[in-house]
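So this block is input17.txt, compact mmCIF, C-alpha atoms and all ligand atoms:
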# COMPACT_ATOMS: atom_id res chain seq x y z
CA MET A 1 115.13 111.21 80.33
CA ARG A 2 115.76 111.95 83.96
CA ILE A 3 112.83 113.56 85.75
CA LYS A 4 113.40 115.18 89.07
CA ARG A 5 111.05 113.72 91.65
CA LYS A 6 108.89 116.10 93.67
CA ARG A 7 110.44 116.41 97.06
CA GLY A 8 108.44 115.06 99.97
CA TRP A 9 108.28 118.31 101.85
CA GLU A 10 106.45 120.43 99.31
CA LEU A 11 103.13 120.09 101.14
CA PRO A 12 102.77 121.34 104.71
CA GLU A 13 102.00 117.98 106.27
CA ARG A 14 104.87 116.35 104.50
CA LEU A 15 107.12 118.82 106.26
CA ALA A 16 106.70 116.30 108.99
CA THR A 17 107.34 113.13 106.99
CA PRO A 18 110.17 110.95 108.18
CA GLU A 19 111.59 110.87 104.68
CA ALA A 20 112.38 114.57 104.84
CA VAL A 21 115.62 113.30 106.36
CA TYR A 22 117.44 112.13 103.37
CA HIS A 23 120.36 114.30 103.47
CA GLY A 24 119.32 116.51 100.56
CA ARG A 25 120.08 113.70 98.14
CA ARG A 26 118.49 114.21 94.79
CA GLN A 27 116.17 111.54 93.59
CA PHE A 28 115.22 110.65 90.07
CA MET A 29 112.13 108.92 88.93
CA VAL A 30 112.87 105.47 87.66
CA GLY A 31 110.65 103.28 85.53
CA ALA A 32 107.88 105.64 84.49
CA ALA A 33 106.90 102.93 82.00
CA GLY A 34 106.80 100.52 84.95
CA SER A 35 104.13 102.52 86.71
CA ILE A 36 101.97 102.48 83.59
CA LEU A 37 102.25 98.68 83.66
CA LEU A 38 101.21 98.60 87.32
CA ALA A 39 98.19 100.75 86.56
CA GLY A 40 97.21 98.19 83.92
CA LEU A 41 97.46 95.41 86.49
CA SER A 42 95.28 96.99 89.08
CA ALA A 43 91.86 95.86 87.80
CA PRO A 44 92.66 92.11 87.82
CA ARG A 45 94.39 92.53 91.16
CA ARG A 46 91.21 93.98 92.56
CA ALA A 47 89.23 91.03 91.19
CA GLU A 48 91.71 88.75 92.96
CA ALA A 49 91.14 90.61 96.21
CA ALA A 50 87.41 89.97 95.85
CA THR A 51 88.13 86.24 96.00
CA ASP A 52 90.49 86.47 98.97
CA PRO A 53 90.35 83.02 100.61
CA SER A 54 89.91 84.70 104.02
CA ALA A 55 86.98 86.91 102.96
CA GLY A 56 84.44 84.67 104.73
CA LEU A 57 86.11 85.29 108.10
CA TYR A 58 84.94 88.91 108.22
CA PRO A 59 83.42 90.78 109.87
CA ALA A 60 84.88 89.33 113.08
CA SER A 61 83.03 89.93 116.35
CA ARG A 62 83.99 93.14 118.09
CA ASN A 63 85.93 93.14 121.35
CA GLU A 64 84.08 95.87 123.28
CA ARG A 65 86.95 96.44 125.70
CA PHE A 66 88.57 98.94 123.34
CA VAL A 67 86.50 102.08 123.05
CA LEU A 68 87.10 105.28 121.11
CA ASP A 69 86.76 108.90 122.15
CA ARG A 70 86.18 110.02 118.55
CA ASP A 71 84.38 108.99 115.39
CA LEU A 72 85.77 106.25 113.20
CA THR A 73 87.74 107.58 110.26
CA PRO A 74 85.75 107.05 107.04
CA GLU A 75 87.09 103.97 105.25
CA GLU A 76 87.86 105.92 102.08
CA TYR A 77 90.39 108.06 103.98
CA ALA A 78 92.05 105.23 105.89
CA THR A 79 92.50 103.27 102.67
CA THR A 80 93.65 106.08 100.37
CA TYR A 81 95.97 108.15 102.59
CA ASN A 82 98.76 105.79 103.51
CA ASN A 83 102.37 105.58 104.51
CA TYR A 84 103.91 102.66 102.67
CA TYR A 85 107.37 103.62 101.46
CA GLU A 86 107.80 100.35 99.60
CA PHE A 87 105.32 101.81 97.12
CA GLY A 88 106.50 105.42 97.20
CA SER A 89 107.01 108.27 99.60
CA SER A 90 103.71 110.06 98.90
CA LYS A 91 100.43 109.22 100.65
CA ASP A 92 98.96 108.18 97.32
CA VAL A 93 100.23 104.61 97.11
CA ALA A 94 97.00 102.58 97.13
CA GLU A 95 97.00 101.96 93.40
CA ALA A 96 100.66 100.93 93.24
CA ALA A 97 100.24 98.63 96.24
CA GLN A 98 97.70 96.51 94.30
CA ALA A 99 100.72 94.91 92.60
CA LEU A 100 101.64 93.14 95.86
CA PRO A 101 100.71 89.44 95.60
CA VAL A 102 99.18 88.69 99.00
CA ARG A 103 98.62 84.96 98.27
CA PRO A 104 100.42 82.67 98.63
CA TRP A 105 102.01 84.34 101.69
CA THR A 106 104.36 82.52 104.00
CA ILE A 107 105.54 83.73 107.37
CA ALA A 108 108.83 82.56 108.86
CA ILE A 109 109.28 82.17 112.62
CA ASP A 110 112.88 81.76 113.66
CA GLY A 111 115.69 82.73 116.05
CA MET A 112 115.26 81.80 119.72
CA VAL A 113 112.27 79.49 119.39
CA GLU A 114 111.74 75.85 120.32
CA GLN A 115 111.37 74.97 116.64
CA PRO A 116 111.85 77.33 113.68
CA MET A 117 108.96 77.05 111.23
CA THR A 118 107.05 78.62 108.40
CA VAL A 119 103.30 79.01 108.24
CA ALA A 120 100.99 80.06 105.40
CA ILE A 121 98.79 83.03 106.26
CA ASP A 122 95.53 81.11 105.85
CA ASP A 123 96.76 78.27 108.09
CA LEU A 124 97.71 80.85 110.69
CA LEU A 125 94.31 82.57 110.40
CA ALA A 126 92.60 79.22 111.01
CA LYS A 127 94.50 78.85 114.31
CA MET A 128 94.17 82.39 115.68
CA PRO A 129 91.23 83.92 117.59
CA LEU A 130 89.95 86.55 115.17
CA GLU A 131 88.25 89.65 116.59
CA GLU A 132 87.60 93.30 115.74
CA ARG A 133 89.04 96.21 117.74
CA LEU A 134 88.50 99.93 117.41
CA TYR A 135 91.87 101.62 117.87
CA ARG A 136 93.28 105.10 117.54
CA HIS A 137 96.36 105.41 115.32
CA ARG A 138 98.85 108.29 115.65
CA CYS A 139 101.43 108.87 112.94
CA VAL A 140 104.66 110.56 114.03
CA GLU A 141 103.84 113.17 111.35
CA ALA A 142 100.93 114.37 113.54
CA TRP A 143 97.93 112.98 111.66
CA ALA A 144 95.68 110.47 113.36
CA MET A 145 92.84 108.12 112.55
CA ALA A 146 90.47 105.69 114.26
CA VAL A 147 90.08 102.33 112.56
CA PRO A 148 88.14 99.07 113.05
CA TRP A 149 90.97 96.56 112.67
CA SER A 150 90.39 92.81 112.51
CA GLY A 151 93.05 90.37 113.58
CA PHE A 152 94.30 88.57 116.67
CA PRO A 153 96.26 89.46 119.79
CA MET A 154 99.99 89.26 119.21
CA LYS A 155 100.12 87.29 122.47
CA ALA A 156 98.28 84.42 120.74
CA PHE A 157 100.86 84.48 117.96
CA VAL A 158 103.79 84.50 120.42
CA ASP A 159 102.29 81.50 122.23
CA TYR A 160 102.03 79.72 118.88
CA ALA A 161 105.66 80.62 118.02
CA ARG A 162 106.99 79.19 121.33
CA PRO A 163 109.98 81.46 121.96
CA LEU A 164 112.70 80.37 124.40
CA ASP A 165 113.01 82.13 127.76
CA SER A 166 116.27 83.63 126.49
CA ALA A 167 114.37 85.69 123.86
CA LYS A 168 114.12 89.33 124.91
CA TYR A 169 112.82 90.91 121.70
CA VAL A 170 110.88 90.10 118.58
CA ARG A 171 112.18 91.50 115.31
CA MET A 172 109.77 91.78 112.37
CA GLU A 173 110.52 92.10 108.70
CA THR A 174 108.43 93.24 105.70
CA PHE A 175 108.71 91.52 102.28
CA ASN A 176 111.53 92.66 100.00
CA ASN A 177 110.57 92.61 96.33
CA PRO A 178 111.67 95.62 94.25
CA ASP A 179 110.01 94.07 91.18
CA VAL A 180 106.55 94.80 92.60
CA ALA A 181 107.43 97.55 95.11
CA ASP A 182 109.19 100.27 93.19
CA GLY A 183 110.09 102.19 96.35
CA GLN A 184 112.47 99.36 97.18
CA ASN A 185 114.56 100.40 94.20
CA ALA A 186 115.46 103.53 96.20
CA SER A 187 118.79 102.30 97.45
CA TRP A 188 119.30 104.94 100.15
CA TYR A 189 116.65 103.23 102.29
CA PRO A 190 117.72 100.27 104.44
CA TRP A 191 115.28 97.69 102.97
CA PRO A 192 113.59 95.57 104.07
CA TYR A 193 111.48 97.50 106.59
CA ILE A 194 112.27 96.25 110.10
CA GLU A 195 110.60 96.83 113.43
CA GLY A 196 111.01 95.39 116.90
CA LEU A 197 109.37 95.07 120.32
CA THR A 198 110.36 93.77 123.71
CA MET A 199 108.66 90.52 124.68
CA ALA A 200 106.67 92.42 127.32
CA GLU A 201 105.38 94.80 124.64
CA ALA A 202 104.63 92.03 122.16
CA THR A 203 102.57 90.14 124.75
CA ASN A 204 100.77 93.21 126.10
CA GLU A 205 97.07 92.86 125.39
CA LEU A 206 97.04 95.94 123.14
CA ALA A 207 99.57 94.55 120.63
CA PHE A 208 97.40 93.37 117.76
CA LEU A 209 98.25 91.58 114.52
CA VAL A 210 95.96 92.88 111.81
CA THR A 211 94.58 90.94 108.86
CA GLY A 212 91.51 93.01 108.08
CA LEU A 213 89.84 96.39 108.47
CA TYR A 214 86.33 97.77 108.12
CA GLY A 215 84.96 94.22 108.29
CA LYS A 216 86.93 92.94 105.27
CA PRO A 217 90.35 91.54 104.47
CA ALA A 218 92.96 94.33 104.66
CA PRO A 219 93.76 96.00 101.35
CA ALA A 220 97.39 95.85 100.25
CA GLN A 221 98.01 99.54 100.96
CA ASN A 222 97.15 99.00 104.63
CA GLY A 223 99.64 96.15 104.96
CA ALA A 224 97.95 92.96 103.77
CA PRO A 225 98.00 90.18 104.57
CA LEU A 226 99.51 90.70 108.05
CA ARG A 227 100.56 93.90 109.85
CA LEU A 228 100.85 95.21 113.36
CA ALA A 229 98.69 97.74 115.22
CA LEU A 230 100.38 99.25 118.29
CA PRO A 231 98.03 102.08 119.21
CA TRP A 232 100.21 103.55 121.99
CA LYS A 233 103.23 104.03 119.72
CA TYR A 234 103.89 106.21 116.70
CA GLY A 235 102.54 104.63 113.54
CA PHE A 236 105.90 103.69 112.05
CA LYS A 237 106.18 100.90 114.65
CA SER A 238 103.10 99.24 113.10
CA ILE A 239 104.97 97.34 110.40
CA LYS A 240 103.08 96.18 107.30
CA SER A 241 103.07 93.01 105.19
CA ILE A 242 105.21 90.96 107.59
CA VAL A 243 107.09 87.91 106.31
CA ARG A 244 109.35 87.10 109.28
CA PHE A 245 109.30 87.11 113.07
CA THR A 246 112.71 86.53 114.68
CA PHE A 247 112.99 86.06 118.43
CA THR A 248 116.29 87.39 119.71
CA ASP A 249 118.22 88.67 122.72
CA GLU A 250 119.52 91.66 120.74
CA ARG A 251 117.49 94.85 120.46
CA PRO A 252 116.43 95.22 116.80
CA VAL A 253 117.37 98.36 114.89
CA SER A 254 114.31 99.55 113.01
CA PHE A 255 114.12 100.95 109.49
CA TRP A 256 113.60 104.57 110.56
CA GLN A 257 116.15 104.31 113.35
CA GLU A 258 118.74 103.03 110.89
CA LEU A 259 117.96 105.96 108.60
CA GLN A 260 117.78 108.74 111.19
CA ALA A 261 118.50 107.66 114.77
CA GLU A 262 118.40 111.22 116.16
CA GLU A 263 114.72 111.42 115.20
CA TYR A 264 113.34 107.86 115.36
CA GLY A 265 114.19 105.45 118.15
CA PHE A 266 113.35 101.98 119.34
CA TRP A 267 110.57 102.85 121.81
CA ALA A 268 108.61 105.56 119.94
CA ASN A 269 105.82 105.89 122.53
CA VAL A 270 103.40 108.75 121.89
CA ASN A 271 103.93 111.72 124.20
CA PRO A 272 102.50 115.20 123.52
CA GLU A 273 105.21 116.80 125.66
CA VAL A 274 108.17 115.42 123.78
CA SER A 275 108.57 117.20 120.46
CA HIS A 276 110.00 115.64 117.38
CA PRO A 277 113.27 117.49 116.68
CA ARG A 278 111.50 119.28 113.78
CA TRP A 279 107.89 119.72 114.99
CA SER A 280 105.58 119.66 118.01
CA GLN A 281 103.69 116.51 118.99
CA ALA A 282 101.19 118.42 121.17
CA SER A 283 98.23 117.99 118.81
CA GLU A 284 97.16 115.95 115.82
CA ARG A 285 94.99 116.32 112.73
CA LEU A 286 92.14 113.84 112.33
CA LEU A 287 92.32 112.21 108.92
CA GLY A 288 89.46 113.30 106.69
CA SER A 289 88.96 116.63 108.45
CA ASP A 290 90.79 119.81 109.37
CA GLU A 291 90.06 119.28 113.04
CA ARG A 292 93.03 119.20 115.42
CA VAL A 293 92.76 117.54 118.81
CA PRO A 294 95.23 117.38 121.69
CA THR A 295 97.55 114.38 121.65
CA GLN A 296 97.46 112.14 124.73
CA LEU A 297 100.25 110.35 126.58
CA PHE A 298 100.61 106.83 125.10
CA ASN A 299 97.94 108.00 122.65
CA GLY A 300 95.35 107.58 125.41
CA TYR A 301 96.36 103.99 126.27
CA ALA A 302 98.39 104.68 129.43
CA GLU A 303 96.18 102.42 131.57
CA PHE A 304 97.24 99.46 129.41
CA VAL A 305 100.93 100.18 128.88
CA ALA A 306 102.42 102.72 131.31
CA ASP A 307 103.69 99.91 133.58
CA LEU A 308 105.79 98.50 130.74
CA TYR A 309 108.14 101.45 131.06
CA LYS A 310 108.65 101.58 134.83
CA GLY A 311 112.37 101.47 135.54
CA LEU A 312 113.23 102.43 131.96
CA GLU A 313 113.18 106.19 132.53
CA SER A 314 116.83 106.49 131.48
CA GLU A 315 115.88 105.28 127.98
CA ILE A 316 114.65 107.50 125.16
CA LEU A 317 111.05 106.33 125.43
CA TYR A 318 109.22 108.97 123.39
CA ARG A 319 110.67 109.16 119.91
N1 LIG B 1 106.51 98.07 105.71
C1 LIG B 1 106.07 99.28 106.09
N2 LIG B 1 105.30 99.40 107.18
C2 LIG B 1 104.84 100.61 107.57
C3 LIG B 1 105.20 101.79 106.85
C4 LIG B 1 106.00 101.63 105.69
O1 LIG B 1 106.35 102.60 104.99
N3 LIG B 1 106.40 100.36 105.33
N4 LIG B 1 104.77 103.02 107.30
C5 LIG B 1 104.42 103.12 108.73
C6 LIG B 1 103.80 104.38 109.09
S1 LIG B 1 104.82 105.74 109.21
C7 LIG B 1 102.47 104.48 109.42
S2 LIG B 1 101.79 105.92 110.00
C8 LIG B 1 101.57 103.34 109.20
C9 LIG B 1 100.47 103.76 108.25
O2 LIG B 1 99.48 102.77 108.16
P1 LIG B 1 98.20 103.04 107.24
O3 LIG B 1 98.72 103.33 105.85
O4 LIG B 1 97.40 101.80 107.31
O5 LIG B 1 97.52 104.24 107.80
O6 LIG B 1 102.23 102.18 108.65
C10 LIG B 1 103.51 101.95 109.15
N5 LIG B 1 104.02 100.69 108.66
MO MO B 2 103.65 107.24 110.39

In structure tokens, how does this file's structure come out?
Amino acid sequence: MRIKRKRGWELPERLATPEAVYHGRRQFMVGAAGSILLAGLSAPRRAEAATDPSAGLYPASRNERFVLDRDLTPEEYATTYNNYYEFGSSKDVAEAAQALPVRPWTIAIDGMVEQPMTVAIDDLLAKMPLEERLYRHRCVEAWAMAVPWSGFPMKAFVDYARPLDSAKYVRMETFNNPDVADGQNASWYPWPYIEGLTMAEATNELAFLVTGLYGKPAPAQNGAPLRLALPWKYGFKSIKSIVRFTFTDERPVSFWQELQAEEYGFWANVNPEVSHPRWSQASERLLGSDERVPTQLFNGYAEFVADLYKGLESEILYR
């Protein structure tokens, strides 16, 4: 039986979801039996998470340089209201994401580097300076949260990767496994999820590779075992569950840009004065409440990043 899937824009906030772009194509639910199987898997998967080999590394000591102007979002909201299209286009993907095997997890480093290599996540964790940072996060859909991420500066990772001077960008790729991530069976999306940064952005002190949150290893729905946090950019730049970093001299085309370039670009810096083509970016809703607060230029991080964009005013910097 073919069941028509609920369209993403039935709820007000989803009016603003990036996926509201797909050309009016009708979608059909596939593998209803498959989701029952996943539900059955979730308890053992949770037990597995409890024995995460990196669990002893948390909580990491807090870097006090990054301060918030608002309360932390309660953990239950940050871990149950997620964008993770690999596991579906609703916000309710936490359960389905438990099917993602986060160990073993190997990360490839290739392209313009001295020596291409692969590294297992736990070997990488042993080499990187783990710390906790409190960051704001601003989704392009106009919801926002404040999260205690754990991880390491992307700069430390770039130093480890040893890119050549000819590298101008880093391109990142999420896993591609439609057997565990049913959303990847939706063929109108350009899987795998891709994102990219200039080398100056990737080595800016704010760019942070995340392995944990709320003093614990990151749950799958938040992008375990390795994701980005780029607090001055719209949330879609903060790619989850990364398996590959490619250093290149060509500007990467990201997942959302490939899907809808008029709405989602390469730079995607937060700016309250530049509207999305379909909604205002002037204010944002704090996750877990009905409160709206004004949005800030670069999401409040201008002092760290504004200089990165000097001389680039002819580019589309704010979407
Ligand atoms: N691979 C992948 N990464 C992703 C996404 C996604 O769908 N797939 N969604 C992005 C978007 S739109 C946002 S707002 C954040 C959400 O992160 P959170 O679920 O931890 O809040 O992840 C980003 N990274
Ligand atoms: Mo987002």

Show me which residues are within 6 Å of ligand LIG 1 (chain B) counting all atoms listed in the file, and format the list as a list of chain:residue names. A:Ala78, A:Asn82, A:Asn83, A:Tyr84, A:Tyr85, A:Glu86, A:Cys139, A:Thr174, A:Tyr193, A:Asn222, A:Gly235, A:Phe236, A:Ser238, A:Ile239, A:Lys240

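With all atoms listed in the file as the basis for measurement, A:Ala229 is the residue among A:Leu68, A:Leu130, A:Ala261, A:Ala229 that approaches ligand MO 2 (chain B) most closely.
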
Which is closest to ligand MO 2 (chain B) among A:Trp143, A:Tyr77, A:Trp279, A:Phe304, if we use all atoms listed in the file? A:Trp143

Could you pull the residues within 8 Å of Phe247 (chain A), counting all atoms listed in the file, minus those fewer than 6 positions along the same chain, as a list of chain:residue names? A:Ile109, A:Asp110, A:Gly111, A:Met112, A:Val113, A:Pro163, A:Ala167, A:Lys168, A:Tyr169, A:Val170, A:Arg171

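Excluding Pro225 (chain A) itself and same-chain residues fewer than 4 positions from it, the residues having an atom within 7 Å of it are Val102, Thr211, Ala218 and Ser241 of chain A, counting all atoms listed in the file.
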
With only C-alpha atoms as the counted atoms, please give the residues lying no more than 9 Å from Pro272 (chain A), apart from itself and same-chain residues fewer than 6 positions off, as a compact mmCIF listing (two decimals) with C-alpha atoms, in the coordinates of the input.
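Now in around_12.txt:
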# COMPACT_ATOMS: atom_id res chain seq x y z
CA SER A 280 105.58 119.66 118.01
CA GLN A 281 103.69 116.51 118.99
CA ALA A 282 101.19 118.42 121.17
CA SER A 283 98.23 117.99 118.81
CA PRO A 294 95.23 117.38 121.69
CA THR A 295 97.55 114.38 121.65
CA GLN A 296 97.46 112.14 124.73
CA LEU A 297 100.25 110.35 126.58
CA PHE A 298 100.61 106.83 125.10
CA ASN A 299 97.94 108.00 122.65

Which residues come within 9 Å of region 156-160 of chain A, counting only C-alpha atoms, excluding same-chain residues fewer than 5 positions away, as JSON, numbers by chain? {"A": [124, 127, 128, 129, 199, 202, 203, 209]}

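Across the model, the gap from CA of Arg319 (chain A) to CA of Val93 (chain A) is 25.5 Å.
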
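Separating CA of Ala207 (chain A) from CA of Leu226 (chain A) is a distance of 13.2 Å.
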